[in-house]
Every structure is written in structure tokens, then in C-alpha cells.
Amino acid sequence: MLQAIKLRKSIRNYKDSVVSPQHIQNIKTIINEAKPLFDNIPMEVLLIEDGTKITDTFKGLISKYTKVKAPHYLAFTSEIQEGHLENIGFIGEEIVLKLTGLGIGTCWLGSAIKQDLFKTLFTVREKQSYIILVAFGYPVKPLEQVVTRKRFDKSKLITSTFDPKYEPIIQSLIDAPSSINSQPWKLAINNNKFDLLLENRNILSKKILKDTNHIDMGIGLSHLYNSAIELDYKVDLKKASHKDIGSSLYIISAILNKD
Ligand SMILES: Cc1cc2nc3c(=O)[nH]c(=O)nc-3n(C[C@H](O)[C@H](O)[C@H](O)COP(=O)(O)O)c2cc1C
């Protein structure tokens, strides 16, 4: 996953060709094996092979940001319960990173299609709601290691001191995608315990990204979790009762151990 984290970036230009039958098969396996953060929240991943079902709905949309045209999409649906957005971000990003490993480009799409329209086009399970899309396909330019990304400085993310051995794990979190690159995450590190908090950095993100930022938190946690696992840590994800810090909202803790 560390390699995939370095290769991943949001792809907005795709080849017209569809993904090979072998890769579609691989993707189905990836979806089936992806690990949720909260396995008690019913959710589903829909593989939309015919991307025109989505792109045909783009006609009335004005913003280019919402209209990423791709040959295929994944759609995430879930029951609405506490933690469902973090859950979708976490499981979705595992799928995104594994697709990256196959040389497939991806882009999370937060506002491409509205709930009501989605329900007229696809079957959504009872009690579930449509949450978000991920566009995917072969990128026009093959994926290559991303050397510089537009990201906040690390000091904005972490205020505590930490053991330098955690550097690659923290970098993986920094490299994660987030809605309009808002990077809402904040880390409070105490020895081997990482508390992940959601920080609304401005009024805009507070109002517009209220929900999507919770998806971003799950995505960031997926980067943190998967990089730590690859570096041979055992990772225990636990939600403590109440640990908001100032205006930052506590989400979850990751406790890292090595044998
Ligand atoms: C939850 C979420 C929603 C997003 N929605 C869109 C979108 O609607 N359109 C788009 O072009 N990119 C979208 N993105 C991609 C972000 O703009 C992108 O991740 C961010 O700018 C960082 O760039 P990178 O992914 O290339 O590292 C979204 C990302 C996330 C995580």
C-alpha cells in the first residue's frame, strides 16, 4: 500500500477504453475483500461498468469539478448511522489504493449526482442511501510516483512531538485525498497512540464540507492504518468516549504496536 499511496492522485482524464475483463474480475474481488471500519453498519459498493449511466446525468451540471468523465464508477451506499461516512471513506480508500496498484486511475466524486436521481437509476437497498462515487479507468498518462503535492505543512497537522520512526505513516496521511483538498485531519500523538481529530479549518469547510469531511477522515485513517500494517505494526482502532480538543472533533484512535 505504501507504493500505491505514492502513486495515487486524483485522475480526471481517462482513456475511452473500458477496463479489461481480467481487471474487472480483480476489482470485484477487491470489493468483496475490502475491510470496513465498522462492520455493524450495512453498506454496499456498486460496480457501475457502464459509466454512461453516470455521465449522461452531467449535462445540466455547471461546475467542471463535479463532472469527471470516466468509463466506470463505483457508488457507495450505506445506512445512515453514527460513523457511516468514516466507514465509507475507510473502505472506499482501501479499494482506491488497490485499484491504483493495478495501474487504474481513480477520483472520488462528492457531488456529481443527487440522491433522488441516483435512486431512479440504480437499485439502492432498503434503509440505505447513496453516499458518494469514485470514478475509475485507465489514466491517459500512466500513474507515476507523485513527488510534490499541494498539502499543508506537517506542523499544521500535528502539534505534539513524536518518534521519527512514525514519519512514513504520518506522510501517508498527508498524501491522502480530501474533498477540495481541505485536509481536515489533525493528529494528537502520545507515544504509540494516535488520536485522529477533524478540524474545520475555515467557515467554508465548516458549512459546505460538513458531511464530506467525515468521509475524508475515513480516507485519512485508511492511509494511516494501511501504511502502519505494511510497516509491520499491529493496529488497534478504538473510539474513546469523548476527547474533542478545542474546536477539533475527536473521531477515533489508532494504537500501534510491534511484537
Ligand atoms: C470525499 C472527496 C470528494 C471529492 N470530490 C471531488 C469532485 O467532486 N470532483 C473532483 O474533481 N475531485 C474531487 N475530489 C478529489 C480532491 O479534489 C483531491 O483529492 C484533492 O484535491 C487532492 O488531490 P490528489 O487526490 O490528487 O492528491 C474529492 C476527494 C474526496 C476525498
# chains A, B, ... in the order shown; residues from 1 in each chain; ligands from 1

$ select_by_dssp --residues "range 1-227 of chain A" --states "strand (DSSP E or B)" --output "JSON, numbers by chain"
{"A": [10, 14, 43, 44, 45, 46, 47, 48, 72, 73, 74, 75, 76, 77, 78, 79, 105, 106, 107, 108, 109, 128, 129, 130, 131, 132, 133, 134, 135, 136, 137, 139, 158, 185, 186, 187, 188, 189, 190, 193, 194, 195, 196, 197, 198]}

$ residues_around --residues "range 12-15 of chain A" --least-positions-apart "2" --cutoff "7 Å" --atoms "only C-alpha atoms" --output "ChimeraX atom specification"
/A:10,17,68,70,107,137-140

$ write_last_selection --atoms "all heavy atoms" --output "compact mmCIF listing (two decimals), in the first residue's frame"
# COMPACT_ATOMS: atom_id res chain seq x y z
N SER A 10 -5.61 12.15 -7.83
CA SER A 10 -6.94 12.18 -8.45
C SER A 10 -6.78 12.30 -9.97
O SER A 10 -6.14 13.23 -10.46
CB SER A 10 -7.75 13.36 -7.92
OG SER A 10 -8.03 13.15 -6.57
N SER A 17 -11.21 3.70 -23.53
CA SER A 17 -11.35 2.23 -23.49
C SER A 17 -11.80 1.74 -22.11
O SER A 17 -11.45 2.33 -21.08
CB SER A 17 -10.01 1.57 -23.84
OG SER A 17 -9.02 2.04 -22.96
N VAL A 68 -16.44 14.61 -13.60
CA VAL A 68 -15.27 13.84 -14.05
C VAL A 68 -15.78 12.64 -14.85
O VAL A 68 -16.45 11.75 -14.31
CB VAL A 68 -14.39 13.41 -12.85
CG1 VAL A 68 -13.28 12.49 -13.31
CG2 VAL A 68 -13.81 14.65 -12.16
N ALA A 70 -15.55 9.28 -16.77
CA ALA A 70 -14.72 8.07 -16.73
C ALA A 70 -15.51 6.91 -17.33
O ALA A 70 -16.74 6.96 -17.39
CB ALA A 70 -14.35 7.75 -15.27
N CYS A 107 -10.89 8.80 -9.00
CA CYS A 107 -11.16 10.14 -8.43
C CYS A 107 -12.46 10.06 -7.63
O CYS A 107 -13.50 9.68 -8.16
CB CYS A 107 -11.30 11.18 -9.55
SG CYS A 107 -11.45 12.87 -8.93
N GLY A 137 -10.80 4.21 -14.22
CA GLY A 137 -10.50 3.76 -15.57
C GLY A 137 -8.99 3.86 -15.79
O GLY A 137 -8.26 4.24 -14.87
N TYR A 138 -8.56 3.54 -17.00
CA TYR A 138 -7.13 3.69 -17.30
C TYR A 138 -6.82 5.16 -17.53
O TYR A 138 -7.50 5.83 -18.32
CB TYR A 138 -6.74 2.87 -18.52
CG TYR A 138 -6.91 1.37 -18.33
CD1 TYR A 138 -7.64 0.61 -19.24
CD2 TYR A 138 -6.33 0.73 -17.24
CE1 TYR A 138 -7.80 -0.76 -19.07
CE2 TYR A 138 -6.49 -0.64 -17.06
CZ TYR A 138 -7.23 -1.38 -17.98
OH TYR A 138 -7.39 -2.72 -17.79
N PRO A 139 -5.82 5.70 -16.82
CA PRO A 139 -5.50 7.11 -16.99
C PRO A 139 -4.83 7.39 -18.34
O PRO A 139 -4.14 6.52 -18.87
CB PRO A 139 -4.51 7.38 -15.85
CG PRO A 139 -4.00 6.06 -15.42
CD PRO A 139 -4.96 5.00 -15.85
N VAL A 140 -5.07 8.60 -18.88
CA VAL A 140 -4.43 8.98 -20.14
C VAL A 140 -2.92 8.91 -19.97
O VAL A 140 -2.20 8.36 -20.81
CB VAL A 140 -4.90 10.39 -20.59
CG1 VAL A 140 -4.06 10.91 -21.74
CG2 VAL A 140 -6.38 10.35 -20.98

$ residues_near_ligand --ligand "ligand 1" --cutoff "9 Å" --atoms "only C-alpha atoms and all ligand atoms" --output "JSON, numbers by chain"
{"A": [8, 9, 10, 11, 12, 64, 65, 66, 67, 68, 89, 93, 106, 107, 108, 109, 110, 111, 112, 132, 133, 134, 146, 149, 150, 151, 175, 176, 177, 178, 179, 180, 181, 182, 183, 209, 211, 212, 213, 214, 215, 216, 217, 219, 220]}

$ residues_around --residues "range 187-203 of chain A" --least-positions-apart "2" --cutoff "8 Å" --atoms "only C-alpha atoms" --output "list of chain:residue names"
A:Leu157, A:Ile158, A:Thr159, A:Ser160, A:Thr161, A:Phe162, A:Asp163, A:Ser182, A:Pro184, A:Trp185, A:Ser205, A:Lys206, A:Lys207, A:Asn213, A:His214, A:Met217, A:Leu221, A:Asp244, A:Ser247, A:Ser248, A:Leu249, A:Tyr250, A:Ile251, A:Ile252, A:Ser253, A:Ala254, A:Ile255, A:Leu256, A:Asn257

$ residues_around --residues "Lys234 in chain A" --least-positions-apart "2" --cutoff "10 Å" --atoms "only C-alpha atoms" --output "list of chain:residue names"
A:Tyr225, A:Ala228, A:Ile229, A:Glu230, A:Leu231, A:Asp232, A:Asp236, A:Leu237, A:Ala254, A:Ile255, A:Leu256, A:Asn257, A:Lys258, A:Asp259

$ residues_around --residues "range 30-46 of chain A" --least-positions-apart "3" --cutoff "7 Å" --atoms "only C-alpha atoms" --output "list of chain:residue names"
A:Asn26, A:Ile27, A:Leu74, A:Ala75, A:Phe76, A:Thr77, A:Ser78, A:Glu79, A:His84, A:Asn87, A:Phe90, A:Ile91, A:Glu94, A:Ile95

$ write_last_selection --atoms "N, CA, C and O atoms" --output "PDB file, in the first residue's frame"
ATOM      1  N   ASN A  26     -10.686  -8.693 -11.034  1.00  0.00           N
ATOM      2  CA  ASN A  26      -9.840  -8.313  -9.881  1.00  0.00           C
ATOM      3  C   ASN A  26     -10.568  -7.304  -8.985  1.00  0.00           C
ATOM      4  O   ASN A  26     -10.527  -7.400  -7.757  1.00  0.00           O
ATOM      5  N   ILE A  27     -11.237  -6.352  -9.618  1.00  0.00           N
ATOM      6  CA  ILE A  27     -11.921  -5.288  -8.860  1.00  0.00           C
ATOM      7  C   ILE A  27     -13.065  -5.883  -8.036  1.00  0.00           C
ATOM      8  O   ILE A  27     -13.274  -5.502  -6.880  1.00  0.00           O
ATOM      9  N   LEU A  74     -17.596   3.573  -9.189  1.00  0.00           N
ATOM     10  CA  LEU A  74     -18.062   2.810  -8.027  1.00  0.00           C
ATOM     11  C   LEU A  74     -19.020   3.736  -7.305  1.00  0.00           C
ATOM     12  O   LEU A  74     -18.763   4.943  -7.208  1.00  0.00           O
ATOM     13  N   ALA A  75     -20.112   3.191  -6.811  1.00  0.00           N
ATOM     14  CA  ALA A  75     -21.025   4.006  -5.999  1.00  0.00           C
ATOM     15  C   ALA A  75     -21.132   3.346  -4.627  1.00  0.00           C
ATOM     16  O   ALA A  75     -21.187   2.120  -4.523  1.00  0.00           O
ATOM     17  N   PHE A  76     -21.133   4.165  -3.603  1.00  0.00           N
ATOM     18  CA  PHE A  76     -21.214   3.672  -2.229  1.00  0.00           C
ATOM     19  C   PHE A  76     -22.577   4.048  -1.645  1.00  0.00           C
ATOM     20  O   PHE A  76     -22.993   5.206  -1.750  1.00  0.00           O
ATOM     21  N   THR A  77     -23.234   3.069  -1.073  1.00  0.00           N
ATOM     22  CA  THR A  77     -24.497   3.325  -0.373  1.00  0.00           C
ATOM     23  C   THR A  77     -24.341   2.808   1.050  1.00  0.00           C
ATOM     24  O   THR A  77     -23.521   1.918   1.310  1.00  0.00           O
ATOM     25  N   SER A  78     -25.116   3.390   1.968  1.00  0.00           N
ATOM     26  CA  SER A  78     -24.976   2.954   3.366  1.00  0.00           C
ATOM     27  C   SER A  78     -26.227   3.304   4.154  1.00  0.00           C
ATOM     28  O   SER A  78     -26.961   4.231   3.791  1.00  0.00           O
ATOM     29  N   GLU A  79     -26.435   2.581   5.238  1.00  0.00           N
ATOM     30  CA  GLU A  79     -27.412   3.035   6.226  1.00  0.00           C
ATOM     31  C   GLU A  79     -26.785   4.232   6.922  1.00  0.00           C
ATOM     32  O   GLU A  79     -25.562   4.297   7.082  1.00  0.00           O
ATOM     33  N   HIS A  84     -21.061   6.320   9.725  1.00  0.00           N
ATOM     34  CA  HIS A  84     -21.207   5.705   8.396  1.00  0.00           C
ATOM     35  C   HIS A  84     -20.324   6.397   7.344  1.00  0.00           C
ATOM     36  O   HIS A  84     -19.842   5.757   6.421  1.00  0.00           O
ATOM     37  N   ASN A  87     -16.824   5.254   7.752  1.00  0.00           N
ATOM     38  CA  ASN A  87     -16.781   3.869   7.280  1.00  0.00           C
ATOM     39  C   ASN A  87     -16.636   3.803   5.757  1.00  0.00           C
ATOM     40  O   ASN A  87     -15.815   3.039   5.232  1.00  0.00           O
ATOM     41  N   PHE A  90     -13.146   4.924   4.697  1.00  0.00           N
ATOM     42  CA  PHE A  90     -12.132   3.923   5.044  1.00  0.00           C
ATOM     43  C   PHE A  90     -12.146   2.765   4.053  1.00  0.00           C
ATOM     44  O   PHE A  90     -11.113   2.410   3.480  1.00  0.00           O
ATOM     45  N   ILE A  91     -13.299   2.198   3.828  1.00  0.00           N
ATOM     46  CA  ILE A  91     -13.388   1.031   2.922  1.00  0.00           C
ATOM     47  C   ILE A  91     -13.149   1.477   1.472  1.00  0.00           C
ATOM     48  O   ILE A  91     -12.481   0.781   0.692  1.00  0.00           O
ATOM     49  N   GLU A  94      -9.433   1.947   0.698  1.00  0.00           N
ATOM     50  CA  GLU A  94      -8.714   0.675   0.512  1.00  0.00           C
ATOM     51  C   GLU A  94      -8.902   0.205  -0.938  1.00  0.00           C
ATOM     52  O   GLU A  94      -7.942  -0.224  -1.600  1.00  0.00           O
ATOM     53  N   ILE A  95     -10.131   0.332  -1.431  1.00  0.00           N
ATOM     54  CA  ILE A  95     -10.415  -0.079  -2.819  1.00  0.00           C
ATOM     55  C   ILE A  95      -9.636   0.815  -3.801  1.00  0.00           C
ATOM     56  O   ILE A  95      -9.004   0.325  -4.730  1.00  0.00           O
TER      57      ILE A  95
END

$ atom_distance --atom1 "CA of Pro168 in chain A" --atom2 "CA of Leu2 in chain A"
8.7 Å
